[in-house]
>>> print(open('my_file39.txt').read())   # compact mmCIF, N, CA and C atoms
# COMPACT_ATOMS: atom_id res chain seq x y z
N MET M 87 -50.36 -21.63 23.81
CA MET M 87 -48.94 -21.91 23.70
C MET M 87 -48.62 -23.21 24.46
N LYS M 88 -47.82 -24.04 23.86
CA LYS M 88 -47.47 -25.33 24.44
C LYS M 88 -46.46 -25.17 25.56
N GLU M 89 -46.72 -25.87 26.69
CA GLU M 89 -45.79 -25.85 27.82
C GLU M 89 -44.50 -26.56 27.45
N ASP M 90 -43.41 -26.13 28.04
CA ASP M 90 -42.17 -26.86 27.80
C ASP M 90 -42.19 -28.17 28.58
N LEU M 91 -41.35 -29.09 28.15
CA LEU M 91 -41.34 -30.44 28.71
C LEU M 91 -41.02 -30.44 30.20
N ALA M 92 -40.06 -29.67 30.62
CA ALA M 92 -39.68 -29.63 32.04
C ALA M 92 -40.85 -29.20 32.91
N THR M 93 -41.63 -28.23 32.46
CA THR M 93 -42.80 -27.76 33.21
C THR M 93 -43.87 -28.84 33.30
N ARG M 94 -44.12 -29.53 32.19
CA ARG M 94 -45.12 -30.61 32.19
C ARG M 94 -44.70 -31.76 33.10
N LEU M 95 -43.41 -32.10 33.07
CA LEU M 95 -42.92 -33.17 33.94
C LEU M 95 -43.08 -32.79 35.41
N GLU M 96 -42.75 -31.55 35.73
CA GLU M 96 -42.89 -31.07 37.10
C GLU M 96 -44.36 -31.10 37.54
N ARG M 97 -45.25 -30.66 36.66
CA ARG M 97 -46.69 -30.67 36.98
C ARG M 97 -47.19 -32.08 37.26
N GLU M 98 -46.63 -33.06 36.55
CA GLU M 98 -47.05 -34.46 36.72
C GLU M 98 -46.23 -35.18 37.79
N ASN M 99 -45.41 -34.43 38.53
CA ASN M 99 -44.55 -34.99 39.57
C ASN M 99 -43.62 -36.08 39.04
N LEU M 100 -43.07 -35.86 37.87
CA LEU M 100 -42.13 -36.79 37.26
C LEU M 100 -40.75 -36.17 37.29
N SER M 101 -39.77 -36.96 37.68
CA SER M 101 -38.39 -36.47 37.71
C SER M 101 -37.55 -37.22 36.69
N ILE M 102 -36.60 -36.52 36.12
CA ILE M 102 -35.71 -37.08 35.11
C ILE M 102 -34.82 -38.15 35.76
N ALA M 103 -34.68 -39.28 35.08
CA ALA M 103 -33.80 -40.35 35.56
C ALA M 103 -32.36 -39.88 35.53
N SER M 104 -31.61 -40.25 36.53
CA SER M 104 -30.21 -39.85 36.58
C SER M 104 -29.39 -40.60 35.53
N PHE M 105 -28.29 -40.01 35.15
CA PHE M 105 -27.37 -40.64 34.20
C PHE M 105 -26.87 -41.96 34.79
N LYS M 106 -26.60 -41.96 36.07
CA LYS M 106 -26.11 -43.15 36.77
C LYS M 106 -27.11 -44.31 36.64
N LYS M 107 -28.39 -44.04 36.84
CA LYS M 107 -29.42 -45.07 36.71
C LYS M 107 -29.49 -45.59 35.27
N ARG M 108 -29.38 -44.68 34.32
CA ARG M 108 -29.45 -45.09 32.92
C ARG M 108 -28.27 -45.96 32.53
N VAL M 109 -27.09 -45.63 33.03
CA VAL M 109 -25.90 -46.45 32.76
C VAL M 109 -26.06 -47.82 33.39
N LEU M 110 -26.53 -47.87 34.62
CA LEU M 110 -26.74 -49.14 35.30
C LEU M 110 -27.75 -49.99 34.54
N ALA M 111 -28.85 -49.39 34.09
CA ALA M 111 -29.86 -50.12 33.32
C ALA M 111 -29.25 -50.67 32.03
N TYR M 112 -28.40 -49.89 31.39
CA TYR M 112 -27.74 -50.32 30.16
C TYR M 112 -26.89 -51.57 30.42
N PHE M 113 -26.12 -51.55 31.50
CA PHE M 113 -25.26 -52.69 31.82
C PHE M 113 -26.09 -53.92 32.21
N ILE M 114 -27.18 -53.73 32.92
CA ILE M 114 -28.05 -54.86 33.27
C ILE M 114 -28.62 -55.48 32.00
N ASP M 115 -29.12 -54.65 31.10
CA ASP M 115 -29.66 -55.16 29.83
C ASP M 115 -28.61 -55.92 29.04
N ASN M 116 -27.41 -55.37 28.96
CA ASN M 116 -26.37 -56.05 28.19
C ASN M 116 -25.91 -57.33 28.85
N PHE M 117 -25.95 -57.40 30.16
CA PHE M 117 -25.64 -58.65 30.85
C PHE M 117 -26.69 -59.71 30.51
N ILE M 118 -27.96 -59.34 30.57
CA ILE M 118 -29.05 -60.26 30.23
C ILE M 118 -28.91 -60.74 28.79
N LEU M 119 -28.69 -59.79 27.89
CA LEU M 119 -28.56 -60.14 26.47
C LEU M 119 -27.31 -60.98 26.19
N SER M 120 -26.23 -60.70 26.87
CA SER M 120 -25.02 -61.50 26.69
C SER M 120 -25.25 -62.93 27.14
N PHE M 121 -25.98 -63.10 28.22
CA PHE M 121 -26.30 -64.45 28.71
C PHE M 121 -27.15 -65.20 27.68
N ILE M 122 -28.13 -64.52 27.10
CA ILE M 122 -28.97 -65.14 26.07
C ILE M 122 -28.13 -65.54 24.86
N ILE M 123 -27.26 -64.64 24.42
CA ILE M 123 -26.39 -64.93 23.28
C ILE M 123 -25.44 -66.09 23.60
N TYR M 124 -24.93 -66.11 24.82
CA TYR M 124 -24.04 -67.21 25.23
C TYR M 124 -24.76 -68.55 25.11
N ILE M 125 -26.00 -68.60 25.57
CA ILE M 125 -26.78 -69.83 25.49
C ILE M 125 -26.99 -70.23 24.02
N ILE M 126 -27.32 -69.25 23.19
CA ILE M 126 -27.58 -69.54 21.78
C ILE M 126 -26.31 -70.03 21.07
N PHE M 127 -25.17 -69.42 21.36
CA PHE M 127 -23.95 -69.73 20.61
C PHE M 127 -23.01 -70.70 21.32
N TYR M 128 -23.37 -71.19 22.49
CA TYR M 128 -22.49 -72.11 23.20
C TYR M 128 -22.21 -73.36 22.37
N THR M 129 -23.26 -73.99 21.88
CA THR M 129 -23.09 -75.23 21.12
C THR M 129 -22.27 -75.02 19.84
N PRO M 130 -22.61 -74.02 19.00
CA PRO M 130 -21.79 -73.84 17.80
C PRO M 130 -20.32 -73.55 18.11
N LEU M 131 -20.06 -72.76 19.13
CA LEU M 131 -18.67 -72.45 19.47
C LEU M 131 -17.94 -73.69 20.00
N SER M 132 -18.62 -74.46 20.83
CA SER M 132 -17.97 -75.64 21.40
C SER M 132 -17.76 -76.74 20.35
N GLN M 133 -18.53 -76.70 19.28
CA GLN M 133 -18.40 -77.73 18.24
C GLN M 133 -17.49 -77.31 17.08
N ALA M 134 -17.00 -76.10 17.14
CA ALA M 134 -16.11 -75.64 16.07
C ALA M 134 -14.85 -76.50 16.06
N LYS M 135 -14.48 -76.95 14.87
CA LYS M 135 -13.35 -77.87 14.72
C LYS M 135 -12.00 -77.15 14.61
N ASP M 136 -12.04 -75.93 14.13
CA ASP M 136 -10.78 -75.20 13.97
C ASP M 136 -11.02 -73.71 14.13
N LEU M 137 -9.94 -72.97 14.03
CA LEU M 137 -10.00 -71.51 14.22
C LEU M 137 -10.92 -70.83 13.21
N MET M 138 -10.92 -71.29 11.96
CA MET M 138 -11.76 -70.67 10.93
C MET M 138 -13.24 -70.82 11.27
N GLU M 139 -13.63 -71.97 11.77
CA GLU M 139 -15.03 -72.18 12.16
C GLU M 139 -15.39 -71.27 13.34
N MET M 140 -14.48 -71.14 14.29
CA MET M 140 -14.73 -70.26 15.44
C MET M 140 -14.87 -68.81 14.99
N ILE M 141 -14.05 -68.39 14.03
CA ILE M 141 -14.15 -67.02 13.50
C ILE M 141 -15.49 -66.81 12.82
N GLU M 142 -15.95 -67.79 12.05
CA GLU M 142 -17.23 -67.69 11.36
C GLU M 142 -18.39 -67.61 12.36
N VAL M 143 -18.36 -68.44 13.39
CA VAL M 143 -19.40 -68.40 14.42
C VAL M 143 -19.37 -67.05 15.13
N SER M 144 -18.17 -66.56 15.43
CA SER M 144 -18.03 -65.27 16.10
C SER M 144 -18.54 -64.12 15.23
N ARG M 145 -18.31 -64.20 13.93
CA ARG M 145 -18.81 -63.17 13.02
C ARG M 145 -20.34 -63.14 13.06
N ASN M 146 -20.95 -64.31 13.03
CA ASN M 146 -22.42 -64.40 13.13
C ASN M 146 -22.90 -63.91 14.49
N PHE M 147 -22.11 -64.15 15.50
CA PHE M 147 -22.43 -63.73 16.86
C PHE M 147 -22.60 -62.21 16.93
N GLY M 148 -21.69 -61.47 16.30
CA GLY M 148 -21.75 -60.01 16.35
C GLY M 148 -23.02 -59.46 15.75
N LEU M 149 -23.37 -59.92 14.57
CA LEU M 149 -24.60 -59.46 13.92
C LEU M 149 -25.83 -59.90 14.71
N SER M 150 -25.80 -61.13 15.20
CA SER M 150 -26.93 -61.64 15.99
C SER M 150 -27.12 -60.83 17.26
N PHE M 151 -26.01 -60.47 17.90
CA PHE M 151 -26.10 -59.69 19.13
C PHE M 151 -26.78 -58.34 18.87
N ILE M 152 -26.40 -57.70 17.78
CA ILE M 152 -27.00 -56.41 17.43
C ILE M 152 -28.50 -56.59 17.14
N LEU M 153 -28.84 -57.59 16.35
CA LEU M 153 -30.25 -57.82 16.02
C LEU M 153 -31.08 -58.19 17.25
N ILE M 154 -30.55 -59.04 18.09
CA ILE M 154 -31.28 -59.43 19.30
C ILE M 154 -31.45 -58.23 20.22
N ARG M 155 -30.40 -57.43 20.37
CA ARG M 155 -30.49 -56.23 21.22
C ARG M 155 -31.52 -55.25 20.65
N LEU M 156 -31.53 -55.08 19.34
CA LEU M 156 -32.48 -54.19 18.68
C LEU M 156 -33.93 -54.67 18.91
N ILE M 157 -34.16 -55.93 18.68
CA ILE M 157 -35.51 -56.50 18.86
C ILE M 157 -35.94 -56.42 20.33
N TYR M 158 -35.03 -56.75 21.22
CA TYR M 158 -35.29 -56.67 22.67
C TYR M 158 -35.73 -55.26 23.06
N GLN M 159 -34.96 -54.26 22.62
CA GLN M 159 -35.28 -52.88 22.97
C GLN M 159 -36.61 -52.43 22.37
N ILE M 160 -36.86 -52.78 21.12
CA ILE M 160 -38.13 -52.39 20.48
C ILE M 160 -39.31 -52.99 21.22
N ILE M 161 -39.26 -54.29 21.47
CA ILE M 161 -40.40 -54.97 22.12
C ILE M 161 -40.65 -54.42 23.52
N PHE M 162 -39.60 -54.35 24.34
CA PHE M 162 -39.80 -53.88 25.71
C PHE M 162 -40.20 -52.41 25.78
N THR M 163 -39.62 -51.58 24.91
CA THR M 163 -39.99 -50.16 24.92
C THR M 163 -41.45 -49.99 24.50
N TYR M 164 -41.85 -50.71 23.47
CA TYR M 164 -43.23 -50.60 22.99
C TYR M 164 -44.24 -51.17 23.99
N LEU M 165 -43.98 -52.34 24.52
CA LEU M 165 -44.95 -52.99 25.41
C LEU M 165 -44.98 -52.40 26.82
N TYR M 166 -43.80 -52.07 27.35
CA TYR M 166 -43.74 -51.66 28.76
C TYR M 166 -43.18 -50.26 28.99
N GLY M 167 -42.59 -49.67 27.96
CA GLY M 167 -41.95 -48.37 28.15
C GLY M 167 -40.62 -48.48 28.86
N ALA M 168 -40.14 -49.71 29.04
CA ALA M 168 -38.87 -49.93 29.74
C ALA M 168 -38.35 -51.32 29.46
N SER M 169 -37.03 -51.42 29.36
CA SER M 169 -36.38 -52.72 29.24
C SER M 169 -36.30 -53.34 30.65
N LEU M 170 -35.84 -54.56 30.73
CA LEU M 170 -35.70 -55.20 32.04
C LEU M 170 -34.74 -54.41 32.93
N GLY M 171 -33.65 -53.92 32.35
CA GLY M 171 -32.71 -53.11 33.12
C GLY M 171 -33.34 -51.84 33.65
N LYS M 172 -34.14 -51.19 32.82
CA LYS M 172 -34.83 -49.97 33.27
C LYS M 172 -35.86 -50.29 34.35
N MET M 173 -36.55 -51.42 34.19
CA MET M 173 -37.53 -51.82 35.22
C MET M 173 -36.84 -52.04 36.56
N ILE M 174 -35.70 -52.73 36.53
CA ILE M 174 -34.94 -52.98 37.77
C ILE M 174 -34.49 -51.66 38.39
N CYS M 175 -34.09 -50.71 37.57
CA CYS M 175 -33.63 -49.40 38.05
C CYS M 175 -34.78 -48.43 38.33
N LYS M 176 -35.99 -48.88 38.07
CA LYS M 176 -37.20 -48.07 38.31
C LYS M 176 -37.20 -46.76 37.52
N ILE M 177 -36.92 -46.91 36.21
CA ILE M 177 -37.04 -45.79 35.29
C ILE M 177 -37.85 -46.24 34.09
N ILE M 178 -38.44 -45.28 33.39
CA ILE M 178 -39.30 -45.60 32.26
C ILE M 178 -39.12 -44.56 31.15
N ILE M 179 -39.34 -45.02 29.93
CA ILE M 179 -39.27 -44.15 28.75
C ILE M 179 -40.67 -43.63 28.47
N LEU M 180 -40.81 -42.33 28.27
CA LEU M 180 -42.11 -41.74 27.96
C LEU M 180 -42.05 -40.93 26.67
N ASP M 181 -43.13 -40.97 25.92
CA ASP M 181 -43.31 -40.07 24.78
C ASP M 181 -43.41 -38.67 25.37
N GLU M 182 -42.59 -37.76 24.91
CA GLU M 182 -42.56 -36.42 25.53
C GLU M 182 -43.82 -35.60 25.25
N ASP M 183 -44.60 -35.97 24.24
CA ASP M 183 -45.82 -35.22 23.95
C ASP M 183 -47.00 -35.63 24.83
N VAL M 184 -47.17 -36.94 25.02
CA VAL M 184 -48.34 -37.43 25.76
C VAL M 184 -47.99 -37.98 27.14
N LEU M 185 -46.70 -38.04 27.46
CA LEU M 185 -46.21 -38.58 28.73
C LEU M 185 -46.77 -39.97 29.02
N ASP M 186 -46.72 -40.79 27.99
CA ASP M 186 -47.11 -42.20 28.08
C ASP M 186 -46.03 -43.01 27.36
N LYS M 187 -46.11 -44.32 27.45
CA LYS M 187 -45.06 -45.13 26.80
C LYS M 187 -45.05 -44.85 25.30
N PRO M 188 -43.88 -45.01 24.68
CA PRO M 188 -43.74 -44.72 23.26
C PRO M 188 -44.55 -45.67 22.37
N ASN M 189 -44.95 -45.18 21.20
CA ASN M 189 -45.64 -46.05 20.24
C ASN M 189 -44.61 -46.90 19.51
N LEU M 190 -45.08 -47.75 18.62
CA LEU M 190 -44.19 -48.69 17.93
C LEU M 190 -43.16 -47.96 17.06
N ILE M 191 -43.57 -46.92 16.36
CA ILE M 191 -42.63 -46.18 15.50
C ILE M 191 -41.55 -45.53 16.36
N GLN M 192 -41.94 -44.90 17.45
CA GLN M 192 -40.96 -44.29 18.35
C GLN M 192 -40.01 -45.35 18.91
N SER M 193 -40.56 -46.50 19.26
CA SER M 193 -39.73 -47.58 19.81
C SER M 193 -38.70 -48.05 18.79
N CYS M 194 -39.11 -48.16 17.54
CA CYS M 194 -38.18 -48.57 16.47
C CYS M 194 -37.11 -47.51 16.23
N ILE M 195 -37.52 -46.24 16.17
CA ILE M 195 -36.57 -45.15 15.97
C ILE M 195 -35.58 -45.10 17.12
N ARG M 196 -36.10 -45.15 18.34
CA ARG M 196 -35.27 -45.05 19.53
C ARG M 196 -34.23 -46.17 19.57
N SER M 197 -34.68 -47.38 19.31
CA SER M 197 -33.77 -48.53 19.36
C SER M 197 -32.72 -48.47 18.26
N SER M 198 -33.13 -48.05 17.07
CA SER M 198 -32.19 -47.95 15.94
C SER M 198 -31.13 -46.88 16.19
N VAL M 199 -31.55 -45.73 16.67
CA VAL M 199 -30.60 -44.65 16.94
C VAL M 199 -29.68 -45.04 18.10
N SER M 200 -30.21 -45.78 19.06
CA SER M 200 -29.38 -46.27 20.16
C SER M 200 -28.26 -47.17 19.64
N GLU M 201 -28.58 -48.04 18.69
CA GLU M 201 -27.55 -48.89 18.10
C GLU M 201 -26.50 -48.06 17.36
N LEU M 202 -26.94 -47.02 16.66
CA LEU M 202 -25.99 -46.12 15.99
C LEU M 202 -25.09 -45.42 17.01
N SER M 203 -25.69 -44.99 18.11
CA SER M 203 -24.93 -44.35 19.18
C SER M 203 -23.90 -45.30 19.75
N ASN M 204 -24.28 -46.56 19.96
CA ASN M 204 -23.34 -47.56 20.47
C ASN M 204 -22.16 -47.72 19.50
N SER M 205 -22.47 -47.71 18.21
CA SER M 205 -21.43 -47.86 17.18
C SER M 205 -20.51 -46.64 17.12
N ALA M 206 -21.02 -45.51 17.55
CA ALA M 206 -20.23 -44.26 17.53
C ALA M 206 -19.62 -43.99 18.91
N PHE M 207 -19.13 -45.05 19.53
CA PHE M 207 -18.43 -44.93 20.81
C PHE M 207 -19.31 -44.31 21.91
N PHE M 208 -20.60 -44.57 21.87
CA PHE M 208 -21.57 -44.13 22.88
C PHE M 208 -21.68 -42.61 22.97
N LEU M 209 -21.35 -41.92 21.88
CA LEU M 209 -21.44 -40.45 21.90
C LEU M 209 -22.87 -39.97 22.13
N GLY M 210 -23.84 -40.69 21.57
CA GLY M 210 -25.24 -40.31 21.77
C GLY M 210 -25.67 -40.45 23.21
N PHE M 211 -25.12 -41.42 23.89
CA PHE M 211 -25.43 -41.62 25.31
C PHE M 211 -24.74 -40.55 26.15
N ALA M 212 -23.50 -40.25 25.79
CA ALA M 212 -22.76 -39.20 26.50
C ALA M 212 -23.42 -37.84 26.33
N TRP M 213 -24.18 -37.68 25.24
CA TRP M 213 -24.89 -36.43 24.97
C TRP M 213 -25.81 -36.06 26.14
N ALA M 214 -26.28 -37.08 26.86
CA ALA M 214 -27.18 -36.85 27.99
C ALA M 214 -26.52 -36.02 29.09
N LEU M 215 -25.22 -36.01 29.12
CA LEU M 215 -24.51 -35.23 30.13
C LEU M 215 -24.54 -33.73 29.82
N SER M 216 -24.94 -33.38 28.60
CA SER M 216 -24.87 -31.98 28.18
C SER M 216 -26.20 -31.23 28.26
N ASN M 217 -27.24 -31.87 28.78
CA ASN M 217 -28.53 -31.17 28.85
C ASN M 217 -29.29 -31.54 30.12
N ASN M 218 -30.14 -30.62 30.58
CA ASN M 218 -30.86 -30.79 31.85
C ASN M 218 -31.84 -31.96 31.85
N LEU M 219 -32.40 -32.30 30.70
CA LEU M 219 -33.36 -33.40 30.62
C LEU M 219 -32.67 -34.75 30.40
N ARG M 220 -31.33 -34.74 30.34
CA ARG M 220 -30.51 -35.94 30.14
C ARG M 220 -30.95 -36.75 28.92
N LYS M 221 -31.29 -36.02 27.86
CA LYS M 221 -31.74 -36.67 26.63
C LYS M 221 -30.55 -37.12 25.79
N THR M 222 -30.63 -38.35 25.33
CA THR M 222 -29.62 -38.94 24.45
C THR M 222 -30.05 -38.72 23.01
N TRP M 223 -29.19 -39.14 22.06
CA TRP M 223 -29.57 -39.03 20.65
C TRP M 223 -30.88 -39.75 20.39
N GLU M 224 -31.04 -40.95 20.96
CA GLU M 224 -32.26 -41.72 20.72
C GLU M 224 -33.49 -41.01 21.29
N ASP M 225 -33.33 -40.31 22.41
CA ASP M 225 -34.44 -39.55 22.98
C ASP M 225 -34.85 -38.40 22.07
N TYR M 226 -33.86 -37.70 21.54
CA TYR M 226 -34.16 -36.60 20.62
C TYR M 226 -34.83 -37.13 19.34
N ALA M 227 -34.29 -38.20 18.78
CA ALA M 227 -34.83 -38.74 17.52
C ALA M 227 -36.25 -39.26 17.68
N ALA M 228 -36.53 -39.92 18.80
CA ALA M 228 -37.85 -40.53 19.01
C ALA M 228 -38.81 -39.63 19.81
N LYS M 229 -38.33 -38.47 20.22
CA LYS M 229 -39.12 -37.55 21.05
C LYS M 229 -39.59 -38.25 22.32
N THR M 230 -38.60 -38.77 23.06
CA THR M 230 -38.88 -39.44 24.33
C THR M 230 -38.05 -38.81 25.43
N VAL M 231 -38.39 -39.18 26.66
CA VAL M 231 -37.66 -38.74 27.83
C VAL M 231 -37.68 -39.92 28.82
N VAL M 232 -36.62 -40.04 29.62
CA VAL M 232 -36.54 -41.13 30.58
C VAL M 232 -36.70 -40.54 31.98
N VAL M 233 -37.69 -41.07 32.71
CA VAL M 233 -38.02 -40.54 34.03
C VAL M 233 -38.01 -41.65 35.09
N ASN M 234 -37.96 -41.21 36.34
CA ASN M 234 -38.03 -42.15 37.46
C ASN M 234 -39.47 -42.62 37.66
N VAL M 235 -39.61 -43.87 38.01
CA VAL M 235 -40.94 -44.42 38.33
C VAL M 235 -41.20 -44.23 39.82
N ALA M 236 -40.19 -44.45 40.63
CA ALA M 236 -40.36 -44.33 42.08
C ALA M 236 -39.26 -43.50 42.68
>>> encode(input="my_file39.txt", output="structure tokens")
Amino acid sequence: MKEDLATRLERENLSIASFKKRVLAYFIDNFILSFIIYIIFYTPLSQAKDLMEMIEVSRNFGLSFILIRLIYQIIFTYLYGASLGKMICKIIILDEDVLDKPNLIQSCIRSSVSELSNSAFFLGFAWALSNNLRKTWEDYAAKTVVVNVA
């Protein structure tokens, strides 16, 4: 019979990351990504001749921000098991079956569902408040868990 996740985490001396740490990591990541987007779009915005051009650049900005955030999350989750914000907060994403960093498919699923959660007023993130393992929609979809590193 397969052990439950909480028992396996306890056996491996792993503790679930707090909601507070996860929120902080989210804000750190979005600050980093906003800075990158600002650098990318500074020139087009500053060169816009009228309001219509600014609106067009801003429209592209929104889609670009989502795509850059998606790619950022996929790459960092797959390569390191953590985004820069999570690294700073000393938390990591683990595949709940093998307790190792997620594979590429899990990273893509997790990042995509996270974007859907963001679009749904962060309901998927708030879901973490309703369970002991603090799993969000993306954690359930990708079969991952977020734990403390130190």
>>> atom_distance(input="my_file39.txt", atom1="atom C of M:Trp223", atom2="atom C of M:Gln159")
14.1 Å
>>> closest_residue(input="my_file39.txt", among="M:Asn189, M:Asn234, M:Ser132, M:Thr222", to="M:Phe208", atoms="only C-alpha atoms")
M:Thr222
>>> atom_distance(input="my_file39.txt", atom1="atom CA of M:Ser193", atom2="atom CA of M:Gly167")
8.7 Å
>>> select_by_dssp(input="my_file39.txt", residues="chain M", states="strand (DSSP E or B)", output="list in words")
Ile102, Ile177, Ile178, Ile179, Leu180, Asp181, Thr230, Val231, Val232, Val233 and Asn234 of chain M
>>> write_last_selection(input="my_file39.txt", atoms="N, CA and C atoms", output="PDB file, keeping the file's coordinate frame")
ATOM      1  N   ILE M 102     -36.600 -36.520  36.120  1.00  0.00           N
ATOM      2  CA  ILE M 102     -35.710 -37.080  35.110  1.00  0.00           C
ATOM      3  C   ILE M 102     -34.820 -38.150  35.760  1.00  0.00           C
ATOM      4  N   ILE M 177     -36.920 -46.910  36.210  1.00  0.00           N
ATOM      5  CA  ILE M 177     -37.040 -45.790  35.290  1.00  0.00           C
ATOM      6  C   ILE M 177     -37.850 -46.240  34.090  1.00  0.00           C
ATOM      7  N   ILE M 178     -38.440 -45.280  33.390  1.00  0.00           N
ATOM      8  CA  ILE M 178     -39.300 -45.600  32.260  1.00  0.00           C
ATOM      9  C   ILE M 178     -39.120 -44.560  31.150  1.00  0.00           C
ATOM     10  N   ILE M 179     -39.340 -45.020  29.930  1.00  0.00           N
ATOM     11  CA  ILE M 179     -39.270 -44.150  28.750  1.00  0.00           C
ATOM     12  C   ILE M 179     -40.670 -43.630  28.470  1.00  0.00           C
ATOM     13  N   LEU M 180     -40.810 -42.330  28.270  1.00  0.00           N
ATOM     14  CA  LEU M 180     -42.110 -41.740  27.960  1.00  0.00           C
ATOM     15  C   LEU M 180     -42.050 -40.930  26.670  1.00  0.00           C
ATOM     16  N   ASP M 181     -43.130 -40.970  25.920  1.00  0.00           N
ATOM     17  CA  ASP M 181     -43.310 -40.070  24.780  1.00  0.00           C
ATOM     18  C   ASP M 181     -43.410 -38.670  25.370  1.00  0.00           C
ATOM     19  N   THR M 230     -38.600 -38.770  23.060  1.00  0.00           N
ATOM     20  CA  THR M 230     -38.880 -39.440  24.330  1.00  0.00           C
ATOM     21  C   THR M 230     -38.050 -38.810  25.430  1.00  0.00           C
ATOM     22  N   VAL M 231     -38.390 -39.180  26.660  1.00  0.00           N
ATOM     23  CA  VAL M 231     -37.660 -38.740  27.830  1.00  0.00           C
ATOM     24  C   VAL M 231     -37.680 -39.920  28.820  1.00  0.00           C
ATOM     25  N   VAL M 232     -36.620 -40.040  29.620  1.00  0.00           N
ATOM     26  CA  VAL M 232     -36.540 -41.130  30.580  1.00  0.00           C
ATOM     27  C   VAL M 232     -36.700 -40.540  31.980  1.00  0.00           C
ATOM     28  N   VAL M 233     -37.690 -41.070  32.710  1.00  0.00           N
ATOM     29  CA  VAL M 233     -38.020 -40.540  34.030  1.00  0.00           C
ATOM     30  C   VAL M 233     -38.010 -41.650  35.090  1.00  0.00           C
ATOM     31  N   ASN M 234     -37.960 -41.210  36.340  1.00  0.00           N
ATOM     32  CA  ASN M 234     -38.030 -42.150  37.460  1.00  0.00           C
ATOM     33  C   ASN M 234     -39.470 -42.620  37.660  1.00  0.00           C
TER      34      ASN M 234
END
>>> residues_around(input="my_file39.txt", residues="M:Trp213", least_positions_apart="4", cutoff="12 Å", atoms="only C-alpha atoms", output="compact mmCIF listing (two decimals) with N, CA and C atoms, in the coordinates of the input")
# COMPACT_ATOMS: atom_id res chain seq x y z
N PHE M 105 -28.29 -40.01 35.15
CA PHE M 105 -27.37 -40.64 34.20
C PHE M 105 -26.87 -41.96 34.79
N SER M 200 -30.21 -45.78 19.06
CA SER M 200 -29.38 -46.27 20.16
C SER M 200 -28.26 -47.17 19.64
N SER M 203 -25.69 -44.99 18.11
CA SER M 203 -24.93 -44.35 19.18
C SER M 203 -23.90 -45.30 19.75
N ALA M 206 -21.02 -45.51 17.55
CA ALA M 206 -20.23 -44.26 17.53
C ALA M 206 -19.62 -43.99 18.91
N PHE M 207 -19.13 -45.05 19.53
CA PHE M 207 -18.43 -44.93 20.81
C PHE M 207 -19.31 -44.31 21.91
N PHE M 208 -20.60 -44.57 21.87
CA PHE M 208 -21.57 -44.13 22.88
C PHE M 208 -21.68 -42.61 22.97
N LEU M 209 -21.35 -41.92 21.88
CA LEU M 209 -21.44 -40.45 21.90
C LEU M 209 -22.87 -39.97 22.13
N ASN M 217 -27.24 -31.87 28.78
CA ASN M 217 -28.53 -31.17 28.85
C ASN M 217 -29.29 -31.54 30.12
N ASN M 218 -30.14 -30.62 30.58
CA ASN M 218 -30.86 -30.79 31.85
C ASN M 218 -31.84 -31.96 31.85
N LEU M 219 -32.40 -32.30 30.70
CA LEU M 219 -33.36 -33.40 30.62
C LEU M 219 -32.67 -34.75 30.40
N ARG M 220 -31.33 -34.74 30.34
CA ARG M 220 -30.51 -35.94 30.14
C ARG M 220 -30.95 -36.75 28.92
N LYS M 221 -31.29 -36.02 27.86
CA LYS M 221 -31.74 -36.67 26.63
C LYS M 221 -30.55 -37.12 25.79
N THR M 222 -30.63 -38.35 25.33
CA THR M 222 -29.62 -38.94 24.45
C THR M 222 -30.05 -38.72 23.01
N TRP M 223 -29.19 -39.14 22.06
CA TRP M 223 -29.57 -39.03 20.65
C TRP M 223 -30.88 -39.75 20.39
N GLU M 224 -31.04 -40.95 20.96
CA GLU M 224 -32.26 -41.72 20.72
C GLU M 224 -33.49 -41.01 21.29
N ASP M 225 -33.33 -40.31 22.41
CA ASP M 225 -34.44 -39.55 22.98
C ASP M 225 -34.85 -38.40 22.07
N TYR M 226 -33.86 -37.70 21.54
CA TYR M 226 -34.16 -36.60 20.62
C TYR M 226 -34.83 -37.13 19.34
>>> atom_distance(input="my_file39.txt", atom1="atom C of M:Glu201", atom2="atom CA of M:Asp183")
24.1 Å
>>> residues_around(input="my_file39.txt", residues="M:Tyr112", least_positions_apart="5", cutoff="7 Å", atoms="only N, CA and C atoms", output="list in words")
Lys107, Phe117, Gly171 and Lys172 of chain M
>>> residues_around(input="my_file39.txt", residues="M:Thr163", least_positions_apart="4", cutoff="8 Å", atoms="all atoms listed in the file", output="list in words")
Ile157, Tyr158, Gln159, Gly167, Ala168, Ser169, Leu170, Ile179, Lys187, Pro188, Asn189, Leu190, Gln192, Ser193 and Cys194 of chain M
>>> select_by_dssp(input="my_file39.txt", residues="chain M", states="alpha helix (DSSP H)", output="count of residues only")
98
>>> closest_residue(input="my_file39.txt", among="M:Arg155, M:Glu182, M:Leu131, M:Leu165", to="M:Leu91", atoms="all atoms listed in the file")
M:Glu182
>>> axis_aligned_box(input="my_file39.txt", around="stretch 131-140 of chain M", padding_each_side="8 Å", output="JSON")
{"center_x": -15.0, "center_y": -73.3, "center_z": 16.2, "size_x": 26.1, "size_y": 25.1, "size_z": 26.5}
>>> closest_residue(input="my_file39.txt", among="M:Ala103, M:Val109, M:Met138, M:Leu119", to="M:Ile154", atoms="all atoms listed in the file")
M:Leu119
>>> residues_around(input="my_file39.txt", residues="stretch 144-149 of chain M", least_positions_apart="2", cutoff="8 Å", atoms="only C-alpha atoms", output="PyMOL selection string")
chain M and resi 123+127+131+140-142+151-153
>>> closest_residue(input="my_file39.txt", among="M:Lys135, M:Arg196, M:Lys176, M:Lys106", to="M:Val233", atoms="only N, CA and C atoms")
M:Lys176
